[in-house]
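Participant: Handing you a structure now.
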Amino acid sequence: MTENSTPLKTLEQRLLWLSHWMIHHANHVRPKVDGIKIGGHQASSASMVSIMTALYFHALRPEDRVAVKPHASPVFHAIQYLMGRQTREKMANFRGLGGVQSYPSRTKDTDDVDFSTGSVGLGVAITSFASLVQDYIWAKSWGRDLPLGRMVALVGDAELDEGNIYEALQEGWKNDLRNCWWIVDYNRQSLDGIVREGLFARVEKIFDAFGWDVVRVKYGALQRAAFAEPGGTALRDWIDACPNQDYAALTFMGGAVWRKRLLDDLGDQGDVSALIDRRTDAELAALMENLGGNCVQTMAETFDAITSDRPTCILAYTIKGWGTPIAGHKDNHGGLMNPTQFAAWQKHMGVPQGAEWERFAAVKDVAALEAFLARVPFFAKGSRRHADARLPVPAISGDAEREVSTQAAFGKILDALSKGDSALAARIVTTSPDVTGTTSLGPWVNRRKLFARKAQSDAFIEHRIPSTAKWDFTPEGQHIELGIAEMNLFLLLGAAGLSHSLFGKRLFPIGTVYDPFVHRGLDALNYACYQDARFMIVGTPSGVTLAPEGGAHQSIGTPLTGMSQDGLAAFEPAFADELAVIMEWAFDYMQRSGDGDPDERTWLRDETGGSVYLRLSTNPIDQPGKRHDDAFRQGAIDGAYWLRKPGPNCDVVIAYQGCIAPEAIAAAGLLGGHRRDVGVLAVTSADRLNAGWTAAQRARIKGRPHARSHIETLLRDLPRDCLLLTVIDGHPATLAWLGAVCGHRTVARGVEHFGQTGTIGDLYRHFGIDRHALAQAVLALSAGHRSGLAALQTALPG
């Protein structure tokens, strides 16, 4: 290969132009609708263009998967456009409604996006978990036909400040990570300044400690050739010693300034002065800016030289803004070429006016380049978005003893599945951040074992030491044990939840975590949902019902998170039979991929499918006995059903969600002596009730006057003066909105402050969600029943 005449060099210059023109067009050509800057990160794209050219058009194969640096999305879109897989219309509408996205998105872009990126650091870390999932599938009898690919992350050097990256490194080491590349765009500039000198020397030691190979790509082909000339060693030493800030500033100022600085520092040394003098200002600038990451030839050679399957970090030195008038300027992260700069740069790039969107503008031999593109391996098999058949869901029973918690019932359901031989059970993979035993996964793991690429013995078993946990690690295992890092949990769930699309093999990932720590991994949970990954997350134990553990382990806001998180259907059942119905439905829901038309019975978009969140409890409560009626089963799925159906004269309804059920039911009994008609509404999913209600409202606004959601149907026959009391072991806003459905006066009870240690009764009384407080609240707020309140207050303690 020669630096100036290869197809890769031609493609590099095409991508540099198209990515920057797309950004310039959006900011300076397209009509302005408002005064908001559109942006687009020209400089961050420029530093990646040589790396991405060599990667996509030389190194990658169809089975490889790539997470693109968020700020390099214009280069990614330009690659798709060059290959005829993206339209001019969408490119011209970059960062506009219906146009290509600001950051690559599996769900919003029509490009062949492997991993959505945008939340800094998460796109990097998910590649290591995708590699783990790939190994997990390949180790199974039904996955041996899977071609093993490399999971590649294109990393901005500032992303290395993100802590989740180092959590992922540790988990990768524990799970014998392989087939993973992280390619670092080491331009040494971040949003607010210049990266600290010597930083990567520290980072490199971290990678080495966790078993990664580190490849430094510092010098391009032009620089290496210059180093071989007389005086070249001195030039290389000067480059190595030059501070990051100085190198960036000299790059921005150009060849004449480079010459002065180099001659000031290295002149009068004979060979070195001659080396500098042999080059024009433009040639000298090109030489000094020819770092390894900005040399497509060097990057291609680097990729070819990696033959091991060991995890590899490729540190590619680059110039931020390389090849443009804003190269090296410390403000170029969010900066753009102005129209004057861009016009001059367009002339420099040889792109005629009016030909800006032409895929092969300024290309001398279009036929030869098209022939080259037709042979590029990565694109040879067309779309790389796979699918897998939907698996039948076996019947799931909620039969349980008279008293059981939802967490224990969850464990029993999984244990029952583990004893069977269903295709679904074979595809379940469970995981937990060091809380496997305390979230009731133990029986499942004992039967289905833990996953490891190589079998590992359990010393306790070998020495016949009694233990309830049989930690048998084997390639056939179906549980992946994680350390205490909730970000890793959700990244693994996200990767496993995309297995049907990434690898063509469907998995049913189930993760368990203490419910308050859902929020510790919330960024990664949102990231997984944004990719449309399919998984089940079980938050347990939850709420102040986890009384002795204190406020640090008691969740308050997670029900609201379940309601607000797109792509996640949140449930909080109270009884084991509800949980069984919901889980049977959930395993099917996780496999759906329909058109999203709303179901006119509920106005929910259930055909699209999604992930599922179960908020469970360790509090054992009395069970209602066997229930087989369709209203109960369908109601548990739709979000609510009447546990005690109100009559025509009902003046109080108690609506509860979750393990607070016994208090709500008992409060209704207490009120029965003062009210002839008290209804009890069992809410299993405030999330689905609320989503259906708001969707039905939108439908009515759009001309569907008869649209009614499930919750509207349940509440529509209540008298207007009926009082609605809502209660939950969580934030009261979760259910407070129910009064707005049909205009009923509402009292919302729940938990708004951090809890403390104590018994369940202590904490329920402290927060006013025990049965007596609920009954007192109803009577105190019901007009015309002051005498009843007095009688009740006399009869009830507290």
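Naming works like this for the structure tokens: A, B, ... for the chains as they're shown, residue 1 at the start of each chain, ligands 1 onward in shown order.
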For the contact check between segment 473-568 of chain A and segment 438-442 of chain A, emit one row per residue of segment 473-568 of chain A within 12 Å, containing the shortest atom pair and the distance in Å rounded to one decimal, counting only C-alpha atoms, chain then rising number order, as CSV.
Facilitator:
residue,atom,partner,partner_atom,distance
A:Gln478,CA,A:Leu441,CA,11.4
A:His479,CA,A:Leu441,CA,9.2
A:Ile480,CA,A:Leu441,CA,11.4
A:Glu481,CA,A:Leu441,CA,10.9
A:Ile510,CA,A:Leu441,CA,10.0
A:Gly511,CA,A:Leu441,CA,9.6
A:Thr512,CA,A:Thr439,CA,6.4
A:Val513,CA,A:Thr439,CA,7.2
A:Tyr514,CA,A:Thr439,CA,7.7
A:Asp515,CA,A:Thr439,CA,10.2
A:Ile537,CA,A:Thr439,CA,11.6
A:Val538,CA,A:Thr439,CA,8.6
A:Gly539,CA,A:Thr439,CA,8.7
A:Thr540,CA,A:Thr439,CA,6.4
A:Pro541,CA,A:Thr439,CA,7.5
A:Ser542,CA,A:Thr439,CA,11.0
Participant: Dump C-alpha atoms for the selected residues as a short mmCIF file (atom, residue, chain, number, x, y, z; two decimals), in the first residue's frame?
Facilitator:
data_model
loop_
_atom_site.label_atom_id
_atom_site.label_comp_id
_atom_site.auth_asym_id
_atom_site.auth_seq_id
_atom_site.Cartn_x
_atom_site.Cartn_y
_atom_site.Cartn_z
CA GLN A 478 -27.21 -20.99 32.84
CA HIS A 479 -26.33 -18.44 35.51
CA ILE A 480 -23.71 -15.71 35.16
CA GLU A 481 -22.55 -14.47 38.54
CA ILE A 510 -33.40 -12.56 34.03
CA GLY A 511 -31.51 -10.33 36.43
CA THR A 512 -32.15 -9.90 40.14
CA VAL A 513 -31.03 -6.96 42.26
CA TYR A 514 -31.99 -5.34 45.53
CA ASP A 515 -34.72 -2.95 44.46
CA ILE A 537 -35.29 -7.35 35.86
CA VAL A 538 -36.46 -8.39 39.31
CA GLY A 539 -36.08 -5.78 42.04
CA THR A 540 -36.29 -7.53 45.38
CA PRO A 541 -36.59 -6.94 48.30
CA SER A 542 -38.34 -3.60 47.98
#
Participant: What's the 12 Å shell around Tyr589 of chain A, counting only C-alpha atoms, without same-chain residues fewer than 4 positions away, as an MDAnalysis selection string?
Facilitator: chainID A and resid 390:393 508 534:536 567:569 582:585 593:594 605:612 637
Participant: Export N, CA and C atoms of the chosen residues as a short mmCIF file (atom, residue, chain, number, x, y, z; two decimals), in the first residue's frame?
Facilitator:
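Saved the output as out_16.cif:
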data_model
loop_
_atom_site.label_atom_id
_atom_site.label_comp_id
_atom_site.auth_asym_id
_atom_site.auth_seq_id
_atom_site.Cartn_x
_atom_site.Cartn_y
_atom_site.Cartn_z
N ARG A 390 -39.96 -17.34 17.75
CA ARG A 390 -40.56 -17.23 19.07
C ARG A 390 -40.74 -18.63 19.66
N LEU A 391 -40.43 -18.76 20.92
CA LEU A 391 -40.54 -20.05 21.60
C LEU A 391 -41.84 -20.12 22.39
N PRO A 392 -42.48 -21.28 22.42
CA PRO A 392 -43.71 -21.41 23.21
C PRO A 392 -43.42 -21.28 24.70
N VAL A 393 -44.35 -20.71 25.42
CA VAL A 393 -44.19 -20.51 26.86
C VAL A 393 -44.98 -21.58 27.60
N PHE A 508 -33.49 -15.54 27.16
CA PHE A 508 -34.42 -14.90 28.10
C PHE A 508 -33.61 -14.49 29.33
N ARG A 534 -34.32 -7.11 25.29
CA ARG A 534 -35.42 -7.81 25.94
C ARG A 534 -34.91 -8.62 27.12
N PHE A 535 -35.37 -8.27 28.31
CA PHE A 535 -34.92 -8.94 29.52
C PHE A 535 -35.95 -8.75 30.61
N MET A 536 -35.77 -9.47 31.72
CA MET A 536 -36.60 -9.32 32.91
C MET A 536 -35.70 -8.91 34.06
N GLY A 567 -40.00 1.30 27.18
CA GLY A 567 -39.52 -0.03 26.83
C GLY A 567 -39.53 -1.02 27.96
N LEU A 568 -40.12 -0.64 29.11
CA LEU A 568 -40.09 -1.49 30.29
C LEU A 568 -41.49 -1.55 30.90
N ALA A 569 -42.10 -2.72 30.90
CA ALA A 569 -43.41 -2.91 31.52
C ALA A 569 -43.18 -3.28 32.98
N ILE A 582 -48.35 -13.10 35.44
CA ILE A 582 -47.53 -12.05 34.84
C ILE A 582 -46.28 -12.62 34.20
N MET A 583 -45.62 -13.58 34.85
CA MET A 583 -44.40 -14.14 34.28
C MET A 583 -44.69 -14.95 33.02
N GLU A 584 -45.79 -15.68 33.01
CA GLU A 584 -46.15 -16.43 31.80
C GLU A 584 -46.37 -15.47 30.64
N TRP A 585 -47.07 -14.38 30.91
CA TRP A 585 -47.28 -13.35 29.88
C TRP A 585 -45.96 -12.70 29.50
N SER A 593 -42.46 -8.52 18.42
CA SER A 593 -41.85 -7.48 17.59
C SER A 593 -42.84 -7.02 16.53
N GLY A 594 -44.04 -6.67 16.99
CA GLY A 594 -45.10 -6.30 16.06
C GLY A 594 -45.03 -4.85 15.65
N ARG A 605 -49.60 -0.72 23.58
CA ARG A 605 -48.92 -1.18 22.36
C ARG A 605 -48.21 -2.51 22.63
N ASP A 606 -48.98 -3.49 23.07
CA ASP A 606 -48.37 -4.74 23.50
C ASP A 606 -47.74 -5.53 22.36
N GLU A 607 -48.15 -5.28 21.13
CA GLU A 607 -47.57 -6.05 20.03
C GLU A 607 -46.10 -5.72 19.80
N THR A 608 -45.66 -4.57 20.27
CA THR A 608 -44.24 -4.24 20.10
C THR A 608 -43.35 -5.03 21.03
N GLY A 609 -43.90 -5.49 22.15
CA GLY A 609 -43.10 -6.20 23.14
C GLY A 609 -42.14 -5.28 23.86
N GLY A 610 -41.31 -5.84 24.71
CA GLY A 610 -40.36 -5.06 25.48
C GLY A 610 -39.81 -5.86 26.64
N SER A 611 -39.18 -5.16 27.55
CA SER A 611 -38.64 -5.78 28.76
C SER A 611 -39.63 -5.65 29.91
N VAL A 612 -39.35 -6.35 31.00
CA VAL A 612 -40.30 -6.42 32.12
C VAL A 612 -39.54 -6.20 33.43
N ILE A 637 -52.60 -8.91 34.21
CA ILE A 637 -51.74 -8.52 33.09
C ILE A 637 -51.99 -7.07 32.69
#
Participant: Skip Leu262 of chain A itself and residues of its chain fewer than 3 positions away, then list as a list in words all residues within 10 Å of it, counting only C-alpha atoms.
Facilitator: Leu235, Trp238, Ile239, Ala256, Val257, Trp258, Arg259, Asp265, Leu266, Gly267, Val272, Ser273 and Ile276 of chain A
Participant: Produce a file of the selected residues containing N, CA and C atoms, as a compact mmCIF listing (two decimals), in the first residue's frame.
Facilitator:
# COMPACT_ATOMS: atom_id res chain seq x y z
N LEU A 235 13.93 13.87 15.61
CA LEU A 235 12.57 14.34 15.40
C LEU A 235 11.58 13.50 16.20
N TRP A 238 11.68 14.42 19.79
CA TRP A 238 11.00 15.69 20.04
C TRP A 238 9.49 15.49 20.09
N ILE A 239 8.96 14.70 19.15
CA ILE A 239 7.52 14.42 19.15
C ILE A 239 7.10 13.74 20.45
N ALA A 256 4.10 26.74 8.75
CA ALA A 256 5.13 27.75 8.99
C ALA A 256 5.51 27.81 10.47
N VAL A 257 4.52 27.71 11.33
CA VAL A 257 4.79 27.74 12.77
C VAL A 257 5.48 26.45 13.22
N TRP A 258 5.03 25.32 12.63
CA TRP A 258 5.73 24.06 12.91
C TRP A 258 7.24 24.23 12.58
N ARG A 259 7.51 24.83 11.42
CA ARG A 259 8.91 24.96 10.98
C ARG A 259 9.72 25.80 11.97
N ASP A 265 13.97 24.49 18.20
CA ASP A 265 14.31 23.43 19.15
C ASP A 265 15.38 22.47 18.63
N LEU A 266 15.39 22.24 17.28
CA LEU A 266 16.25 21.19 16.72
C LEU A 266 17.21 21.69 15.65
N GLY A 267 17.15 22.97 15.29
CA GLY A 267 17.97 23.48 14.20
C GLY A 267 19.45 23.45 14.49
N VAL A 272 18.99 17.00 11.04
CA VAL A 272 17.63 17.35 11.43
C VAL A 272 17.15 18.58 10.66
N SER A 273 18.01 19.59 10.55
CA SER A 273 17.64 20.79 9.79
C SER A 273 17.39 20.44 8.34
N ILE A 276 13.98 18.87 7.87
CA ILE A 276 12.90 19.86 7.91
C ILE A 276 12.91 20.69 6.63
Participant: Which residue gives the smallest distance to Leu15 of chain A among A:Ser564, A:Thr280, A:Ser50, A:Gln531, with only C-alpha atoms counted?
Facilitator: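 Smallest separation from Leu15 of chain A among the options: A:Ser50.
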Participant: Which distance in Å separates atom CA of Gly673 of chain A and atom CA of Val404 of chain A, to one decimal?
Facilitator: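 For atom CA of Gly673 of chain A relative to atom CA of Val404 of chain A, the distance reads 29.2 Å.
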Participant: Between A:Lys454, A:His20, A:Arg749, A:Lys69, single out the one closest to Phe115 of chain A, counting only C-alpha atoms.
Facilitator: A:Lys69
Participant: If you run DSSP on this backbone, which residues of segment 578-677 of chain A come out as helix (DSSP H, G or I), and could you give them as JSON, numbers by chain?
Facilitator: {"A": [578, 579, 580, 581, 582, 583, 584, 585, 586, 587, 588, 589, 606, 607, 608, 630, 631, 632, 633, 634, 635, 636, 637, 638, 658, 659, 660, 661, 662, 663, 664, 665, 666, 667, 668, 669, 670, 671]}
Participant: Include C-alpha atoms and write out the residues we just selected as a short mmCIF file (atom, residue, chain, number, x, y, z; two decimals), in the first residue's frame.
Facilitator:
data_model
loop_
_atom_site.label_atom_id
_atom_site.label_comp_id
_atom_site.auth_asym_id
_atom_site.auth_seq_id
_atom_site.Cartn_x
_atom_site.Cartn_y
_atom_site.Cartn_z
CA GLU A 578 -50.60 -12.87 40.12
CA LEU A 579 -46.87 -13.29 39.71
CA ALA A 580 -47.33 -16.59 37.86
CA VAL A 581 -49.81 -15.04 35.42
CA ILE A 582 -47.53 -12.05 34.84
CA MET A 583 -44.40 -14.14 34.28
CA GLU A 584 -46.15 -16.43 31.80
CA TRP A 585 -47.28 -13.35 29.88
CA ALA A 586 -43.86 -11.71 30.23
CA PHE A 587 -41.95 -14.55 28.56
CA ASP A 588 -44.14 -14.11 25.52
CA TYR A 589 -44.05 -10.29 25.70
CA ASP A 606 -48.37 -4.74 23.50
CA GLU A 607 -47.57 -6.05 20.03
CA THR A 608 -44.24 -4.24 20.10
CA ASP A 630 -60.45 -14.81 33.34
CA ALA A 631 -61.12 -11.38 34.88
CA PHE A 632 -58.45 -11.96 37.48
CA ARG A 633 -55.90 -13.35 35.02
CA GLN A 634 -56.43 -10.67 32.40
CA GLY A 635 -56.66 -7.96 35.02
CA ALA A 636 -53.34 -8.96 36.54
CA ILE A 637 -51.74 -8.52 33.09
CA ASP A 638 -53.58 -5.33 32.19
CA GLY A 658 -47.89 -4.74 45.97
CA CYS A 659 -47.15 -6.25 49.35
CA ILE A 660 -49.19 -3.64 51.24
CA ALA A 661 -52.23 -5.73 50.22
CA PRO A 662 -52.97 -7.16 53.70
CA GLU A 663 -53.19 -3.65 55.17
CA ALA A 664 -55.49 -2.43 52.42
CA ILE A 665 -57.74 -5.50 52.70
CA ALA A 666 -57.88 -5.25 56.49
CA ALA A 667 -58.63 -1.52 56.30
CA ALA A 668 -61.59 -2.31 54.04
CA GLY A 669 -62.80 -4.79 56.63
CA LEU A 670 -62.52 -2.21 59.39
CA LEU A 671 -64.47 0.26 57.30
#
Participant: Which residue, A:Gln623, A:Thr127, A:Gln554, A:Asn244, has the smallest gap to Ala574 of chain A when you use only C-alpha atoms?
Facilitator: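 Among the listed residues, A:Gln623 lies closest to Ala574 of chain A.
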Participant: Given the choices A:Pro70, A:Gly323, A:Gly562, A:Gly551, which gets closest to His519 of chain A if the distance is worked out from only C-alpha atoms?
Facilitator: A:Gly562
Participant: Would you mind reading off the distance between atom CA of Arg448 of chain A and atom CA of Leu148 of chain A, one decimal, in Å?
Facilitator: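 These atoms are spaced 24.4 Å apart.
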Participant: Distance atom CA of Tyr56 of chain A-atom CA of Leu146 of chain A, one decimal place?
Facilitator: 21.3 Å
Participant: Please provide the set of residues having any atom within 12 Å of Asp415 of chain A, restricted to only C-alpha atoms, with same-chain residues fewer than 4 positions apart removed, written as a PyMOL selection string.
Facilitator: chain A and resi 396-397+408-411+419-420+425+428+440-448
Participant: With distances taken over only C-alpha atoms, which of A:Pro62, A:Pro7, A:Gly96, A:Gly755 is nearest to His25 of chain A?
Facilitator: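 Going through A:Pro62, A:Pro7, A:Gly96, A:Gly755 one by one, the smallest distance to His25 of chain A is for A:Gly96.
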Participant: Any idea what's packed within 12 Å of Ile36 of chain A, counting only C-alpha atoms, ignoring anything in its chain fewer than 4 positions away? Could you give it as a list in words?
Facilitator: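 That gives Ala26, Asn27, Lys32 and Arg95 of chain A.
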Participant: Hey, what's within 7 Å of segment 74-77 of chain A if we count only C-alpha atoms and toss same-chain stuff fewer than 5 positions away? As a ChimeraX atom specification, please?
Facilitator: /A:15,19,45,49
Participant: From the options A:Ala374, A:Cys742, A:Ala226, A:Ala67, which residue's atoms come nearest to Leu724 of chain A, counting only C-alpha atoms?
Facilitator: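 Closest residue, counting only C-alpha atoms: A:Cys742.
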Participant: Once DSSP has gone over the backbone, tell me which residues of segment 474-607 of chain A are in strand (DSSP E), as a ChimeraX atom specification.
Facilitator: /A:474,479-482,508-513,536-539,568-571
Participant: Set the distance at 7 Å and use only C-alpha atoms: which residues neighbour segment 702-717 of chain A once local chain neighbours fewer than 3 positions away are removed? I'd like the list as a list in words.
Facilitator: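 Once the nearby chain positions are removed, what remains is Arg601, Thr602, Trp603, Leu689, Gly692, Trp693, Ala696, Arg698, Ala699, Val741 and Cys742 of chain A.
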Participant: How would the residues just picked look written out with C-alpha atoms as a PDB file, in the first residue's frame?
Facilitator:
ATOM      1  CA  ARG A 601     -59.183  -3.115  24.778  1.00  0.00           C
ATOM      2  CA  THR A 602     -56.394  -1.487  26.789  1.00  0.00           C
ATOM      3  CA  TRP A 603     -54.830   1.001  24.318  1.00  0.00           C
ATOM      4  CA  LEU A 689     -52.751   1.450  33.770  1.00  0.00           C
ATOM      5  CA  GLY A 692     -53.280   2.850  28.679  1.00  0.00           C
ATOM      6  CA  TRP A 693     -55.096   5.847  30.156  1.00  0.00           C
ATOM      7  CA  ALA A 696     -56.825   6.450  25.293  1.00  0.00           C
ATOM      8  CA  ARG A 698     -54.736  10.767  22.863  1.00  0.00           C
ATOM      9  CA  ALA A 699     -57.035   8.536  20.829  1.00  0.00           C
ATOM     10  CA  VAL A 741     -59.285   9.222  35.631  1.00  0.00           C
ATOM     11  CA  CYS A 742     -62.954   9.825  36.439  1.00  0.00           C
TER      12      CYS A 742
END
